[in-house]
>>> print(open('run-v4.csv').read())   # CSV, C-alpha atoms
chain,number,residue,atom,x,y,z
A,20,MET,CA,7.8,-0.4,-26.5
A,21,SER,CA,6.1,1.9,-29.0
A,22,PRO,CA,4.5,5.3,-27.9
A,23,GLU,CA,1.1,3.8,-28.7
A,24,MET,CA,1.7,0.9,-26.3
A,25,LEU,CA,2.9,3.4,-23.6
A,26,ASN,CA,-0.3,5.5,-24.0
A,27,ASN,CA,-2.5,2.4,-23.8
A,28,LEU,CA,-0.6,1.3,-20.7
A,29,SER,CA,-1.3,4.6,-19.0
A,30,LEU,CA,-5.0,4.3,-19.6
A,31,GLU,CA,-5.8,0.7,-19.2
A,32,SER,CA,-3.4,-0.9,-16.7
A,33,ASP,CA,-3.2,-0.5,-13.0
A,34,ASP,CA,-0.1,1.4,-12.3
A,35,PHE,CA,1.4,0.9,-8.8
A,36,LEU,CA,4.6,2.8,-9.3
A,37,LEU,CA,6.2,3.2,-6.0
A,38,ALA,CA,9.9,4.0,-5.5
A,39,CYS,CA,12.0,4.0,-2.4
A,40,PRO,CA,15.5,3.2,-1.2
A,41,ALA,CA,16.4,-0.2,0.0
A,42,GLU,CA,16.2,0.7,3.7
A,43,ILE,CA,12.5,1.8,3.3
A,44,ASN,CA,11.8,-1.5,1.5
A,45,GLN,CA,13.3,-3.2,4.5
A,46,GLU,CA,11.3,-1.2,6.9
A,47,ILE,CA,8.1,-2.1,5.1
A,48,GLN,CA,9.1,-5.8,5.4
A,49,GLN,CA,9.8,-5.4,9.1
A,50,GLU,CA,6.4,-3.7,9.6
A,51,TRP,CA,4.8,-6.6,7.8
A,52,GLN,CA,6.7,-9.1,9.9
A,53,GLN,CA,5.1,-7.6,13.0
A,54,ILE,CA,1.6,-7.6,11.4
A,55,TYR,CA,2.2,-11.3,10.4
A,56,GLN,CA,3.2,-12.3,13.9
A,57,GLN,CA,0.1,-10.6,15.4
A,58,GLU,CA,-2.1,-12.2,12.8
A,59,LEU,CA,-0.5,-15.6,13.4
A,60,GLU,CA,-1.1,-15.4,17.1
A,61,THR,CA,-4.7,-14.2,16.5
A,62,ARG,CA,-5.4,-17.1,14.2
A,63,GLN,CA,-3.8,-19.7,16.5
A,64,THR,CA,-5.9,-18.4,19.4
A,65,THR,CA,-9.1,-18.5,17.3
A,66,GLN,CA,-8.2,-22.0,16.0
A,67,ASN,CA,-7.6,-23.3,19.5
A,68,PHE,CA,-10.8,-21.9,20.8
A,69,ASN,CA,-12.8,-23.3,17.9
A,70,HIS,CA,-11.1,-26.7,18.4
A,71,THR,CA,-12.0,-26.7,22.1
A,72,ASN,CA,-15.6,-25.7,21.3
A,73,LEU,CA,-15.9,-28.4,18.6
A,74,GLU,CA,-14.6,-31.0,21.0
A,75,TYR,CA,-17.2,-29.9,23.5
A,76,GLN,CA,-19.9,-30.1,20.9
A,77,ASN,CA,-18.8,-33.5,19.7
A,78,ASN,CA,-18.7,-34.8,23.2
A,79,SER,CA,-21.8,-33.1,24.5
A,80,SER,CA,-24.1,-35.8,23.2
A,81,SER,CA,-22.3,-38.5,25.2
A,82,LEU,CA,-22.1,-36.2,28.2
A,83,LEU,CA,-25.8,-35.7,28.0
A,84,ALA,CA,-26.3,-39.2,29.1
A,85,GLU,CA,-24.1,-38.6,32.1
A,86,LYS,CA,-25.2,-36.6,35.0
A,87,VAL,CA,-22.7,-35.0,37.3
A,88,VAL,CA,-24.1,-34.1,40.7
A,89,MET,CA,-22.6,-30.8,41.9
A,90,THR,CA,-23.9,-28.0,44.1
A,91,VAL,CA,-24.1,-24.6,42.5
A,92,THR,CA,-25.6,-21.7,44.4
A,93,LEU,CA,-27.8,-19.4,42.4
A,94,ASP,CA,-28.8,-15.9,43.3
A,95,ALA,CA,-32.5,-15.5,44.3
A,96,ASP,CA,-33.6,-13.8,41.1
A,97,LEU,CA,-32.0,-16.5,38.9
A,98,ALA,CA,-33.3,-19.3,41.1
A,99,GLN,CA,-36.8,-18.0,40.4
A,100,VAL,CA,-36.4,-18.4,36.7
A,101,PHE,CA,-34.0,-21.4,36.5
A,102,ASN,CA,-35.6,-23.6,39.0
A,103,THR,CA,-34.8,-27.0,37.5
A,104,SER,CA,-31.5,-28.7,36.5
A,105,GLU,CA,-32.9,-28.9,32.9
A,106,SER,CA,-33.5,-25.2,32.7
A,107,VAL,CA,-30.0,-24.4,34.0
A,108,ASN,CA,-28.5,-26.9,31.5
A,109,ASN,CA,-30.5,-25.5,28.6
A,110,ALA,CA,-29.6,-21.9,29.4
A,111,LEU,CA,-25.9,-22.7,29.7
A,112,ARG,CA,-26.0,-24.6,26.3
A,113,HIS,CA,-27.6,-21.5,24.7
A,114,LEU,CA,-24.8,-19.4,26.1
A,115,LEU,CA,-22.1,-21.7,24.8
A,116,SER,CA,-23.6,-21.8,21.3
A,117,ALA,CA,-23.7,-18.0,21.2
A,118,ILE,CA,-19.9,-17.8,21.7
A,119,PRO,CA,-18.3,-17.7,18.3
B,22,LEU,CA,13.6,26.2,-12.4
B,23,LYS,CA,10.8,24.8,-10.2
B,24,ASN,CA,8.2,26.8,-12.0
B,25,LYS,CA,9.3,25.6,-15.4
B,26,ALA,CA,8.4,22.0,-14.4
B,27,ILE,CA,4.7,22.8,-14.2
B,28,ASP,CA,4.7,24.1,-17.8
B,29,PHE,CA,5.0,20.6,-19.3
B,30,GLN,CA,2.2,19.2,-21.3
B,31,LEU,CA,1.5,15.5,-20.5
B,32,LYS,CA,0.3,12.9,-22.9
B,33,ASN,CA,-2.6,11.9,-20.6
B,34,GLN,CA,-4.9,15.0,-20.6
B,35,ASN,CA,-6.3,13.8,-17.2
B,36,PHE,CA,-3.2,15.0,-15.4
B,37,SER,CA,-1.3,18.3,-14.9
B,38,PRO,CA,2.1,18.8,-13.4
B,39,VAL,CA,2.2,20.5,-10.0
B,40,ILE,CA,4.8,21.5,-7.4
B,41,PRO,CA,3.0,20.0,-4.4
B,42,THR,CA,2.9,21.9,-1.2
B,43,GLN,CA,3.8,20.4,2.2
B,44,LEU,CA,0.1,20.6,3.2
B,45,ALA,CA,-1.0,18.8,0.1
B,46,ILE,CA,1.4,15.9,0.7
B,47,ARG,CA,0.5,15.8,4.4
B,48,GLU,CA,-3.2,15.5,3.5
B,49,VAL,CA,-2.5,12.6,1.2
B,50,ALA,CA,-0.2,11.0,3.8
B,51,ASN,CA,-2.8,11.3,6.5
B,52,LEU,CA,-5.4,9.7,4.2
B,53,ALA,CA,-3.0,6.8,3.6
B,54,ASP,CA,-2.9,6.4,7.4
B,55,GLU,CA,-6.7,6.5,7.6
B,56,PHE,CA,-7.2,4.0,4.8
B,57,SER,CA,-4.6,1.7,6.3
B,58,HIS,CA,-6.5,1.8,9.6
B,59,SER,CA,-9.8,1.2,7.9
B,60,PHE,CA,-8.5,-1.8,6.0
B,61,LYS,CA,-6.4,-3.1,8.9
B,62,THR,CA,-8.0,-6.5,8.8
B,63,GLN,CA,-7.6,-6.9,5.0
B,64,ILE,CA,-4.0,-5.8,5.2
B,65,ALA,CA,-3.3,-8.3,8.0
B,66,ASP,CA,-5.0,-11.0,5.9
B,67,ALA,CA,-2.9,-10.1,2.8
B,68,VAL,CA,0.4,-10.0,4.9
B,69,TYR,CA,-0.5,-13.4,6.4
B,70,THR,CA,-1.0,-14.9,2.9
B,71,HIS,CA,2.2,-13.2,1.7
B,72,PHE,CA,4.4,-14.6,4.5
B,73,SER,CA,2.6,-18.0,4.4
B,74,GLY,CA,3.6,-18.4,0.8
B,75,GLY,CA,0.1,-18.4,-0.5
B,76,GLN,CA,-1.2,-17.0,-3.8
B,77,LEU,CA,-2.2,-13.4,-3.3
B,78,THR,CA,-5.5,-12.3,-4.8
B,79,THR,CA,-5.6,-9.1,-6.8
B,80,ASN,CA,-7.2,-7.3,-3.9
B,81,GLN,CA,-4.7,-8.7,-1.4
B,82,GLN,CA,-1.9,-7.3,-3.7
B,83,LYS,CA,-3.6,-3.9,-3.6
B,84,PHE,CA,-3.8,-3.9,0.2
B,85,LEU,CA,-0.1,-4.7,0.5
B,86,ARG,CA,0.6,-1.8,-1.8
B,87,LEU,CA,-1.6,0.4,0.3
B,88,SER,CA,0.5,-0.5,3.3
B,89,ALA,CA,3.7,0.3,1.4
B,90,CYS,CA,2.2,3.5,0.0
B,91,LYS,CA,1.4,4.7,3.5
B,92,THR,CA,5.0,4.2,4.7
B,93,ILE,CA,6.5,5.9,1.6
B,94,LEU,CA,4.2,8.9,1.9
B,95,ARG,CA,5.1,9.2,5.6
B,96,TYR,CA,8.8,9.4,4.5
B,97,LEU,CA,7.9,11.9,1.9
B,98,ILE,CA,6.3,14.3,4.4
B,99,ASN,CA,9.2,13.8,6.8
B,100,GLN,CA,11.7,14.6,4.1
B,101,TYR,CA,9.7,17.7,3.1
B,102,GLN,CA,9.9,19.0,6.7
B,103,LYS,CA,13.7,18.5,6.6
B,104,LEU,CA,14.2,20.1,3.2
B,105,ASP,CA,17.0,22.5,3.0
B,106,HIS,CA,16.4,25.5,0.7
B,107,ASN,CA,19.8,25.0,-0.9
B,108,THR,CA,19.4,21.3,-1.6
B,109,GLU,CA,19.3,19.7,-5.0
B,110,LYS,CA,16.2,17.8,-3.8
B,111,GLN,CA,12.8,18.9,-4.9
B,112,PHE,CA,9.2,17.6,-5.1
B,113,LEU,CA,7.2,17.1,-8.3
B,114,GLY,CA,3.6,16.0,-8.5
B,115,ILE,CA,0.6,15.2,-10.7
B,116,GLU,CA,-2.9,16.4,-10.1
B,117,ASP,CA,-6.1,15.5,-11.8
B,118,ASN,CA,-8.7,17.9,-13.2
B,119,GLN,CA,-10.3,18.3,-9.8
B,120,ASN,CA,-6.9,19.3,-8.3
B,121,ASN,CA,-6.5,16.1,-6.4
B,122,LEU,CA,-2.8,15.3,-5.9
B,123,GLN,CA,-2.6,11.9,-7.6
B,124,ALA,CA,1.1,11.1,-7.4
B,125,VAL,CA,4.1,12.7,-5.8
B,126,ALA,CA,7.9,12.2,-5.9
B,127,MET,CA,11.0,13.6,-4.3
B,128,ILE,CA,13.9,13.9,-6.8
B,129,THR,CA,17.5,14.8,-6.7
B,130,ASN,CA,19.2,16.7,-9.5
B,131,THR,CA,22.7,15.5,-10.5
B,132,PRO,CA,24.6,16.7,-13.6
B,133,ASP,CA,24.1,13.3,-15.3
B,134,TYR,CA,20.7,12.1,-14.3
B,135,ILE,CA,17.7,12.7,-12.0
B,136,TYR,CA,17.5,10.3,-9.1
B,137,VAL,CA,14.0,9.6,-7.9
B,138,ASN,CA,14.4,9.2,-4.1
B,139,LEU,CA,10.8,8.5,-3.3
B,140,LEU,CA,7.7,8.1,-5.4
B,141,ALA,CA,4.1,7.2,-4.4
B,142,THR,CA,0.7,7.4,-6.0
B,143,ALA,CA,-2.2,8.7,-3.9
B,144,PRO,CA,-3.4,6.0,-1.5
B,145,TRP,CA,-6.9,5.7,-3.1
B,146,ASN,CA,-5.2,4.5,-6.3
B,147,THR,CA,-4.1,1.4,-4.4
B,148,LEU,CA,-7.6,0.4,-3.3
B,149,PRO,CA,-9.8,-2.2,-4.9
B,150,GLU,CA,-11.9,-0.9,-7.9
B,151,ASN,CA,-14.6,1.6,-7.2
B,152,SER,CA,-13.6,2.2,-3.6
B,153,ASP,CA,-13.0,5.9,-3.9
B,154,PRO,CA,-14.3,8.5,-6.4
B,155,ARG,CA,-10.8,10.0,-6.7
B,156,MET,CA,-9.3,6.8,-8.0
B,157,ILE,CA,-7.7,7.2,-11.4
B,158,LYS,CA,-5.3,5.1,-13.5
B,159,GLY,CA,-2.1,6.3,-15.0
B,160,ALA,CA,-1.0,8.8,-12.4
B,161,GLY,CA,2.3,7.0,-11.6
B,162,ARG,CA,3.1,6.8,-15.3
B,163,ALA,CA,2.3,10.4,-15.9
B,164,LEU,CA,4.6,11.4,-13.0
B,165,ILE,CA,7.4,9.3,-14.6
B,166,GLU,CA,6.8,11.1,-17.8
B,167,LEU,CA,7.0,14.5,-16.1
B,168,ILE,CA,10.3,13.6,-14.3
B,169,ILE,CA,11.8,12.4,-17.6
B,170,LYS,CA,10.7,15.7,-19.3
B,171,TYR,CA,12.1,17.6,-16.4
B,172,SER,CA,15.4,15.7,-16.6
B,173,TYR,CA,15.5,16.4,-20.4
B,174,GLN,CA,15.1,20.1,-19.7
B,175,GLN,CA,17.8,20.0,-17.0
B,176,ASN,CA,20.3,18.7,-19.6
B,177,SER,CA,20.3,15.2,-18.0
B,178,ARG,CA,19.1,13.8,-21.4
B,179,GLY,CA,15.9,12.4,-19.8
B,180,VAL,CA,18.0,9.9,-17.8
B,181,ILE,CA,16.3,9.0,-14.5
B,182,LYS,CA,17.3,6.4,-11.9
B,183,LEU,CA,15.4,5.0,-9.1
B,184,SER,CA,15.0,2.1,-6.6
B,185,ALA,CA,11.8,0.4,-7.2
B,186,TYR,CA,9.5,-0.8,-4.4
B,187,GLU,CA,9.8,-4.6,-4.7
B,188,GLN,CA,6.2,-5.2,-5.8
B,189,SER,CA,6.2,-2.4,-8.3
B,190,LEU,CA,9.1,-3.9,-10.3
B,191,SER,CA,7.0,-5.4,-13.0
B,192,PHE,CA,5.2,-2.1,-13.6
B,193,TYR,CA,8.6,-0.3,-14.2
B,194,GLN,CA,9.7,-3.1,-16.4
B,195,GLU,CA,6.6,-2.6,-18.5
B,196,LEU,CA,7.6,1.0,-19.0
B,197,GLY,CA,11.0,-0.1,-20.2
B,198,PHE,CA,13.1,0.3,-17.1
B,199,ILE,CA,16.1,-2.1,-16.8
B,200,GLN,CA,18.5,-2.9,-14.0
B,201,ALA,CA,21.2,-0.3,-13.6
B,202,SER,CA,24.5,-1.8,-14.7
B,203,ASN,CA,26.5,-0.5,-11.7
B,204,SER,CA,24.2,-2.1,-9.2
B,205,ASN,CA,23.8,-5.7,-7.9
B,206,SER,CA,20.2,-5.0,-6.9
B,207,LYS,CA,17.5,-5.9,-9.4
B,208,LEU,CA,15.5,-3.0,-7.8
B,209,ASP,CA,18.0,-0.3,-8.9
B,210,LEU,CA,16.6,0.8,-12.3
B,211,ILE,CA,17.4,3.1,-15.1
B,212,LEU,CA,15.4,4.0,-18.3
B,213,PRO,CA,17.5,3.4,-21.4
B,214,ILE,CA,18.2,6.5,-23.4
B,215,SER,CA,16.6,4.8,-26.4
B,216,LEU,CA,13.3,4.8,-24.7
B,217,VAL,CA,13.4,8.4,-23.4
B,218,GLN,CA,12.2,9.8,-26.7
B,219,ASN,CA,8.9,7.8,-26.3
B,220,PHE,CA,8.1,10.0,-23.4
B,221,ILE,CA,9.5,13.2,-24.7
B,222,GLN,CA,7.7,13.2,-28.1
>>> encode(input="run-v4.csv", output="structure tokens")
Amino acid sequence: MSPEMLNNLSLESDDFLLACPAEINQEIQQEWQQIYQQELETRQTTQNFNHTNLEYQNNSSSLLAEKVVMTVTLDADLAQVFNTSESVNNALRHLLSAIP
Amino acid sequence: LKNKAIDFQLKNQNFSPVIPTQLAIREVANLADEFSHSFKTQIADAVYTHFSGGQLTTNQQKFLRLSACKTILRYLINQYQKLDHNTEKQFLGIEDNQNNLQAVAMITNTPDYIYVNLLATAPWNTLPENSDPRMIKGAGRALIELIIKYSYQQNSRGVIKLSAYEQSLSFYQELGFIQASNSNSKLDLILPISLVQNFIQ
């Protein structure tokens, strides 16, 4: 490599010159392994949640046709606002859609 | 001897040699911690891609280097604290025209060569383009030039040896470093004597 090429290299190229003994290289790899495991778990949890949510959304239209009769006791202040089955169902669907 | 090291003229006028203080290295190491924390999500994404065998983008490569840079700088400051006054180890650095420490190394003098124990550029140099006003190119190369000149002055003929951080290997190879003949590791490097003059002239 000529001196001119070296000078150009110093001005134009990124230079990520890091040096460390093998044991530090290994430590960096171990640290990354931990980060990878955490990231893997986070992604799997998110994926499972999205999958469940998607399943619900896909099935919700067929469920709409079905009515399940169940007794839920509302507090007085909520009962004043959500006083029909339709209003309760609508509110809960809004809540579900807001969860990422 | 230490003071002589800062008299060298470097080819790149943006840099000056410096004997870094413990405080200066600590500040840079602390910043590396802060950057790593700020870019935690991006680092995790890059690590995930790396271990999943995916193709790393340029920025993902930079975030991996930021993570490695943080670890090496932490070692540098720990070694500084343990430094024995009688040791052959010492610190050399490069600063820019605003006196920002841009790269730092811990080296060991031997009769035949200088061994670079640890070397790191400042953490902002590992970030994506235009992320930080202190970002500058060529700091690592300027520091290598300084170490070679220092080695030459110390009668080590400009010979330097080092163990490259894995993802920096190609950058060292661009500078002319080759695998040391007495090592099985591709990361153990030496600069051939024939190339030393390119840095000395």
>>> residues_around(input="run-v4.csv", residues="region 37-48 of chain A", least_positions_apart="4", cutoff="9 Å", atoms="only C-alpha atoms", output="PyMOL selection string")
(chain A and resi 52-53) or (chain B and resi 86+88-90+92-93+96+126+137-142+161+183-190+208-209)
>>> write_last_selection(input="run-v4.csv", atoms="C-alpha atoms", output="CSV table (one decimal), in the coordinates of the input")
chain,number,residue,atom,x,y,z
A,52,GLN,CA,6.7,-9.1,9.9
A,53,GLN,CA,5.1,-7.6,13.0
B,86,ARG,CA,0.6,-1.8,-1.8
B,88,SER,CA,0.5,-0.5,3.3
B,89,ALA,CA,3.7,0.3,1.4
B,90,CYS,CA,2.2,3.5,0.0
B,92,THR,CA,5.0,4.2,4.7
B,93,ILE,CA,6.5,5.9,1.6
B,96,TYR,CA,8.8,9.4,4.5
B,126,ALA,CA,7.9,12.2,-5.9
B,137,VAL,CA,14.0,9.6,-7.9
B,138,ASN,CA,14.4,9.2,-4.1
B,139,LEU,CA,10.8,8.5,-3.3
B,140,LEU,CA,7.7,8.1,-5.4
B,141,ALA,CA,4.1,7.2,-4.4
B,142,THR,CA,0.7,7.4,-6.0
B,161,GLY,CA,2.3,7.0,-11.6
B,183,LEU,CA,15.4,5.0,-9.1
B,184,SER,CA,15.0,2.1,-6.6
B,185,ALA,CA,11.8,0.4,-7.2
B,186,TYR,CA,9.5,-0.8,-4.4
B,187,GLU,CA,9.8,-4.6,-4.7
B,188,GLN,CA,6.2,-5.2,-5.8
B,189,SER,CA,6.2,-2.4,-8.3
B,190,LEU,CA,9.1,-3.9,-10.3
B,208,LEU,CA,15.5,-3.0,-7.8
B,209,ASP,CA,18.0,-0.3,-8.9
>>> atom_distance(input="run-v4.csv", atom1="CA of Gln111 (chain B)", atom2="CA of Ser202 (chain B)")
25.7 Å
>>> closest_residue(input="run-v4.csv", among="B:Leu94, B:Leu212, B:Ile64, B:Ala50", to="Arg178 (chain B)", atoms="all atoms listed in the file")
B:Leu212
>>> closest_residue(input="run-v4.csv", among="A:Glu58, A:Phe101, A:Leu93, A:Gln63", to="chain B", atoms="all atoms listed in the file")
A:Glu58
>>> atom_distance(input="run-v4.csv", atom1="CA of Met127 (chain B)", atom2="CA of Ala67 (chain B)")
28.4 Å
>>> atom_distance(input="run-v4.csv", atom1="CA of Phe198 (chain B)", atom2="CA of Pro213 (chain B)")
6.9 Å
>>> residues_around(input="run-v4.csv", residues="Val39 (chain B)", least_positions_apart="6", cutoff="12 Å", atoms="all atoms listed in the file", output="NGL selection string")
:B and (23-31 or 45-46 or 111-118 or 120-126 or 163-164 or 167-168)
>>> closest_residue(input="run-v4.csv", among="B:Asn219, B:Thr70, B:Ser59, B:Thr131", to="Ile54 (chain A)", atoms="all atoms listed in the file")
B:Thr70
>>> residues_near_point(input="run-v4.csv", point="(12.0, 4.9, -22.3)", cutoff="12 Å", atoms="all atoms listed in the file", output="VMD selection string")
(chain A and resid 20 to 22 24 to 25) or (chain B and resid 162 165 to 166 168 to 170 178 to 182 193 to 199 210 to 222)
>>> closest_residue(input="run-v4.csv", among="B:Thr42, B:Ser37, B:Ser191, B:Gln100", to="chain A", atoms="all atoms listed in the file")
B:Ser191
>>> residues_around(input="run-v4.csv", residues="Gln82 (chain B)", least_positions_apart="5", cutoff="10 Å", atoms="all atoms listed in the file", output="PyMOL selection string")
chain B and resi 64+67-68+71+76-77+87+147-149+188
